[in-house]
Amino acid sequence: MSCVDDLFPAMPNISSSHLDLQAVAKDIMRQHGFDPDFPPAVQQQLAQLRAHPPAIAPGPNVRDLRKLLWSSIDNDTSRDLDQIEVAEHLPNGDVKILVGIADLDAFIPKQSPIDQHAARETTTVYAGIRNFPMLPEELSTGKTSLLENQDRLSVVIEFVVDASGHVTSSDVYPAVVRNQAQLQYNSVGAWLEGTGAAPAKVSAPSDLQAQLRMQDQAAQRLRSQRYENGALSLQTEELLPLVLNDQVVGVVKQQKNHATELIEDFMIAANGVVARMLEKVSSLRRIVKQPERWDRIVQLALTYGEKLPADPDSKALNDFLIKRKTADGDHFADLSLAVIKLIGPGEYVLERPGDPAPGHFGLAVQDYTHSTAPNRRFPDIVTQRLIKAELGGKPNPYSDDELSAIAANCTAKEDAARKVEREMSKRLAAVAMQNRIGAVFDAVVTGVTPHGTFVRALQPHVEGLLAQGQQGVDVGDKLRVKLIRTDVQHGFIDFARA
């Protein structure tokens, strides 16, 4: 979740003007091609799983790693835990990282009812007022979630990080694991950064403190190496609703910290390991192509007095971004958003053995797939099956045509999920702001378009239309604005220049 400094001041209980936001979210889901309800066949399969659950025990090809000091770090409210981590110092100073990924394939055979539903939906959608899970929560927040003090089947992705941040060796194998400590981003991040006390679970066993410090050090090595290769240092500001008793009482700004970056760095490295493991078979890749609108990014840099190369260069772009973040941190999120839009969204593609790899422009990596979040992303379940087939010496469980169709559907549904989340975010922000009509805010102009001029209040970080007094302002201008109208049903927030 996020930083309490961005909460609204003390607020009364806010109604949504009798608008049923749960029903609105469901309608918007359907409008964008999702089916928010599970079909009866899914319930029948769940009943069978209750009666005949997979055996969770080590065996000839399944290692027993339950005694390792595994921990998870996730959002404060997350229950669909996909991965856990543990690190080990090696004698030469390198660090071995083990990432345990929830084994979904053991519970959901290919083409079973749950698998078919997940293949259509492809992703969990986070609509603010509620989540629409890709999988039944009995699985995703229960039997397949890597919850604390529970034995779980997993696929372990192991890699060694040297002092320079390079991954020098790797391995992938099945194992039984046990999460020893379920931790949260906010508290662990503040502790790692020295701005908060150690969380209770971390302060008690000193071994866990040393373990997390080791993980943080390895993650920073990985991150530094990625930045040297040209990975982009971008900052986005995502608003999340604060919901109490089914009422929206405010919004919070989700921010990165050492803990979120630690998990991000480990997942990028783990996904790279899996991609390289699957080089000799047809598989799914997650790519971000070199930006077609690089010329516009070059023009954008020129407005700040900076010159970028004529051809796409992620390292040069990142150097520019870091410079701007230092020069004007208040508006860096807006610059980041503009760059993200110009680069364009990622997509899933089929990659056959020997195909040239387009890579991931934003991460500055050539080998990248999605394999670390199978509770909430269907491509990760597909990739898990590819891993198991490779480990077992079995044929690819998917044809090229199947993988190509899956990639296209996952890309389309990911775009649709973003639209659902954006539409609901606007409505929830309107709910949270509706009792502040007449209040005045410091703001920055974020867009000047034929459809209107848009501003973002600096605190809380809520965006709306500058409906009055928009003449003569441009992107980046700072001004004072007054809230004059909210429309929850349509998600409109209107400001006037104060």
# chains A, B, ... in the order shown; residues from 1 in each chain; ligands from 1
$ residues_around --residues "Pro374 of chain A" --least-positions-apart "6" --cutoff "7 Å" --atoms "only C-alpha atoms" --output "list in words"
Asp82, Ala102, Leu104, Asp380 and Ile381 of chain A
$ residues_around --residues "segment 256-262 of chain A" --least-positions-apart "3" --cutoff "8 Å" --atoms "only C-alpha atoms" --output "list in words"
Ile73, Asp74, Tyr185, Asn186, Val188, Gly189, Ala190, Leu192, Glu193, Gln215, Asp216, Ala219, Gln220, Asp265 and Phe266 of chain A
$ write_last_selection --atoms "C-alpha atoms" --output "short mmCIF file (atom, residue, chain, number, x, y, z; two decimals), in the first residue's frame"
data_model
loop_
_atom_site.label_atom_id
_atom_site.label_comp_id
_atom_site.auth_asym_id
_atom_site.auth_seq_id
_atom_site.Cartn_x
_atom_site.Cartn_y
_atom_site.Cartn_z
CA ILE A 73 7.39 -9.32 1.10
CA ASP A 74 4.20 -8.00 -0.44
CA TYR A 185 6.59 -3.58 1.80
CA ASN A 186 5.95 -0.50 3.93
CA VAL A 188 10.37 -3.61 5.70
CA GLY A 189 11.16 -0.77 3.29
CA ALA A 190 11.23 1.83 6.06
CA LEU A 192 15.92 -1.11 5.31
CA GLU A 193 16.10 2.62 4.56
CA GLN A 215 18.91 -9.84 0.08
CA ASP A 216 18.87 -6.05 -0.11
CA ALA A 219 19.24 -6.64 -5.09
CA GLN A 220 21.19 -3.39 -5.17
CA ASP A 265 15.08 -6.87 -8.87
CA PHE A 266 14.79 -10.51 -7.83
#
$ closest_residue --among "A:Met134, A:Thr141, A:Ile268, A:Leu21" --to "Val99 of chain A" --atoms "only C-alpha atoms"
A:Ile268
$ closest_residue --among "A:Ser371, A:Gln434, A:Gln225, A:Ser72" --to "Phe492 of chain A" --atoms "only C-alpha atoms"
A:Gln434
$ closest_residue --among "A:Ala118, A:Ile287, A:Ala373, A:Ile56" --to "Glu264 of chain A" --atoms "only C-alpha atoms"
A:Ala373
$ closest_residue --among "A:Ile297, A:Ala210, A:Ala443, A:Ala175" --to "Asn61 of chain A" --atoms "only C-alpha atoms"
A:Ala175
$ select_by_dssp --residues "segment 359-496 of chain A" --states "strand (DSSP E or B)" --output "ChimeraX atom specification"
/A:360,365,377,440-449,452-457,463-468,478-487,492-496
$ write_last_selection --atoms "N, CA, C and O atoms" --output "short mmCIF file (atom, residue, chain, number, x, y, z; two decimals), in the first residue's frame"
data_model
loop_
_atom_site.label_atom_id
_atom_site.label_comp_id
_atom_site.auth_asym_id
_atom_site.auth_seq_id
_atom_site.Cartn_x
_atom_site.Cartn_y
_atom_site.Cartn_z
N HIS A 360 13.44 -6.33 -23.83
CA HIS A 360 12.59 -5.43 -23.06
C HIS A 360 13.32 -4.10 -22.92
O HIS A 360 14.28 -3.97 -22.17
N VAL A 365 16.96 -5.67 -20.92
CA VAL A 365 17.31 -7.09 -20.93
C VAL A 365 16.80 -7.70 -22.23
O VAL A 365 15.79 -7.28 -22.78
N ARG A 377 -1.46 -14.20 -12.92
CA ARG A 377 -1.21 -14.01 -14.36
C ARG A 377 -1.19 -15.36 -15.05
O ARG A 377 -0.43 -16.25 -14.65
N VAL A 440 -8.91 24.45 -1.63
CA VAL A 440 -7.89 24.96 -2.54
C VAL A 440 -6.63 24.11 -2.40
O VAL A 440 -6.23 23.74 -1.29
N PHE A 441 -6.00 23.81 -3.55
CA PHE A 441 -4.83 22.93 -3.57
C PHE A 441 -3.72 23.52 -4.42
O PHE A 441 -3.99 24.22 -5.40
N ASP A 442 -2.47 23.23 -4.04
CA ASP A 442 -1.35 23.46 -4.94
C ASP A 442 -1.40 22.38 -6.01
O ASP A 442 -1.66 21.20 -5.72
N ALA A 443 -1.15 22.76 -7.27
CA ALA A 443 -1.29 21.80 -8.37
C ALA A 443 -0.26 22.09 -9.45
O ALA A 443 0.41 23.13 -9.46
N VAL A 444 -0.14 21.14 -10.37
CA VAL A 444 0.73 21.29 -11.53
C VAL A 444 -0.07 20.89 -12.77
O VAL A 444 -0.90 19.97 -12.72
N VAL A 445 0.13 21.58 -13.86
CA VAL A 445 -0.55 21.26 -15.11
C VAL A 445 0.10 20.01 -15.70
O VAL A 445 1.31 19.97 -15.92
N THR A 446 -0.72 18.98 -15.97
CA THR A 446 -0.18 17.71 -16.47
C THR A 446 -0.51 17.47 -17.94
O THR A 446 0.08 16.60 -18.57
N GLY A 447 -1.46 18.21 -18.49
CA GLY A 447 -1.81 17.99 -19.88
C GLY A 447 -2.62 19.14 -20.45
O GLY A 447 -3.47 19.71 -19.77
N VAL A 448 -2.30 19.48 -21.69
CA VAL A 448 -3.08 20.48 -22.44
C VAL A 448 -3.45 19.82 -23.76
O VAL A 448 -2.59 19.60 -24.62
N THR A 449 -4.73 19.46 -23.91
CA THR A 449 -5.17 18.71 -25.07
C THR A 449 -6.40 19.38 -25.67
O THR A 449 -7.00 20.27 -25.04
N GLY A 452 -9.22 19.37 -23.27
CA GLY A 452 -9.19 20.16 -22.05
C GLY A 452 -7.80 20.22 -21.44
O GLY A 452 -6.86 19.58 -21.90
N THR A 453 -7.70 21.02 -20.40
CA THR A 453 -6.45 21.18 -19.65
C THR A 453 -6.59 20.44 -18.33
O THR A 453 -7.59 20.59 -17.61
N PHE A 454 -5.57 19.63 -18.01
CA PHE A 454 -5.66 18.78 -16.83
C PHE A 454 -4.58 19.15 -15.82
O PHE A 454 -3.46 19.51 -16.19
N VAL A 455 -4.96 19.09 -14.55
CA VAL A 455 -4.03 19.42 -13.47
C VAL A 455 -4.03 18.30 -12.45
O VAL A 455 -5.00 17.54 -12.34
N ARG A 456 -2.93 18.20 -11.70
CA ARG A 456 -2.85 17.25 -10.61
C ARG A 456 -2.57 18.00 -9.32
O ARG A 456 -1.58 18.75 -9.24
N ALA A 457 -3.43 17.83 -8.34
CA ALA A 457 -3.16 18.39 -7.02
C ALA A 457 -1.92 17.70 -6.44
O ALA A 457 -1.73 16.50 -6.64
N GLU A 463 -5.96 13.89 -9.97
CA GLU A 463 -5.98 14.64 -11.23
C GLU A 463 -7.41 14.97 -11.63
O GLU A 463 -8.34 14.22 -11.35
N GLY A 464 -7.56 16.12 -12.27
CA GLY A 464 -8.88 16.51 -12.75
C GLY A 464 -8.76 17.54 -13.86
O GLY A 464 -7.66 17.96 -14.25
N LEU A 465 -9.92 17.95 -14.35
CA LEU A 465 -10.00 18.95 -15.43
C LEU A 465 -9.94 20.35 -14.84
O LEU A 465 -10.60 20.64 -13.85
N LEU A 466 -9.14 21.22 -15.46
CA LEU A 466 -9.14 22.64 -15.10
C LEU A 466 -10.25 23.29 -15.93
O LEU A 466 -10.04 23.69 -17.08
N ALA A 467 -11.43 23.34 -15.34
CA ALA A 467 -12.62 23.76 -16.08
C ALA A 467 -12.74 25.27 -16.21
O ALA A 467 -13.43 25.77 -17.11
N GLN A 468 -12.08 25.99 -15.32
CA GLN A 468 -12.13 27.45 -15.36
C GLN A 468 -10.73 28.01 -15.16
O GLN A 468 -9.98 27.54 -14.31
N LYS A 478 2.96 25.59 -12.37
CA LYS A 478 2.42 25.42 -11.02
C LYS A 478 1.36 26.49 -10.78
O LYS A 478 1.53 27.64 -11.18
N LEU A 479 0.29 26.10 -10.11
CA LEU A 479 -0.77 27.05 -9.84
C LEU A 479 -1.60 26.57 -8.67
O LEU A 479 -1.45 25.44 -8.19
N ARG A 480 -2.48 27.44 -8.18
CA ARG A 480 -3.42 27.09 -7.12
C ARG A 480 -4.78 26.86 -7.76
O ARG A 480 -5.20 27.64 -8.63
N VAL A 481 -5.44 25.79 -7.34
CA VAL A 481 -6.73 25.47 -7.93
C VAL A 481 -7.75 25.20 -6.82
O VAL A 481 -7.40 24.78 -5.71
N LYS A 482 -9.01 25.42 -7.15
CA LYS A 482 -10.10 25.15 -6.22
C LYS A 482 -10.99 24.05 -6.79
O LYS A 482 -11.33 24.07 -7.98
N LEU A 483 -11.35 23.10 -5.96
CA LEU A 483 -12.24 22.03 -6.39
C LEU A 483 -13.65 22.57 -6.49
O LEU A 483 -14.19 23.12 -5.52
N ILE A 484 -14.27 22.44 -7.68
CA ILE A 484 -15.61 22.99 -7.87
C ILE A 484 -16.67 21.93 -8.14
O ILE A 484 -17.87 22.20 -7.98
N ARG A 485 -16.28 20.71 -8.56
CA ARG A 485 -17.31 19.71 -8.86
C ARG A 485 -16.71 18.31 -8.88
O ARG A 485 -15.57 18.13 -9.29
N THR A 486 -17.49 17.34 -8.43
CA THR A 486 -17.14 15.93 -8.62
C THR A 486 -18.37 15.21 -9.17
O THR A 486 -19.51 15.56 -8.85
N ASP A 487 -18.12 14.21 -9.99
CA ASP A 487 -19.19 13.39 -10.56
C ASP A 487 -18.74 11.94 -10.43
O ASP A 487 -17.92 11.45 -11.22
N PHE A 492 -15.59 12.19 -12.84
CA PHE A 492 -15.09 13.52 -13.19
C PHE A 492 -14.71 14.30 -11.93
O PHE A 492 -15.43 14.27 -10.92
N ILE A 493 -13.60 15.02 -11.99
CA ILE A 493 -13.18 15.97 -10.96
C ILE A 493 -12.82 17.27 -11.67
O ILE A 493 -11.95 17.26 -12.53
N ASP A 494 -13.49 18.37 -11.30
CA ASP A 494 -13.28 19.65 -11.97
C ASP A 494 -12.69 20.67 -10.99
O ASP A 494 -13.16 20.80 -9.85
N PHE A 495 -11.67 21.37 -11.48
CA PHE A 495 -11.03 22.44 -10.71
C PHE A 495 -11.22 23.77 -11.43
O PHE A 495 -11.46 23.82 -12.65
N ALA A 496 -11.08 24.85 -10.65
CA ALA A 496 -11.02 26.20 -11.21
C ALA A 496 -9.74 26.85 -10.68
O ALA A 496 -9.28 26.53 -9.57
#
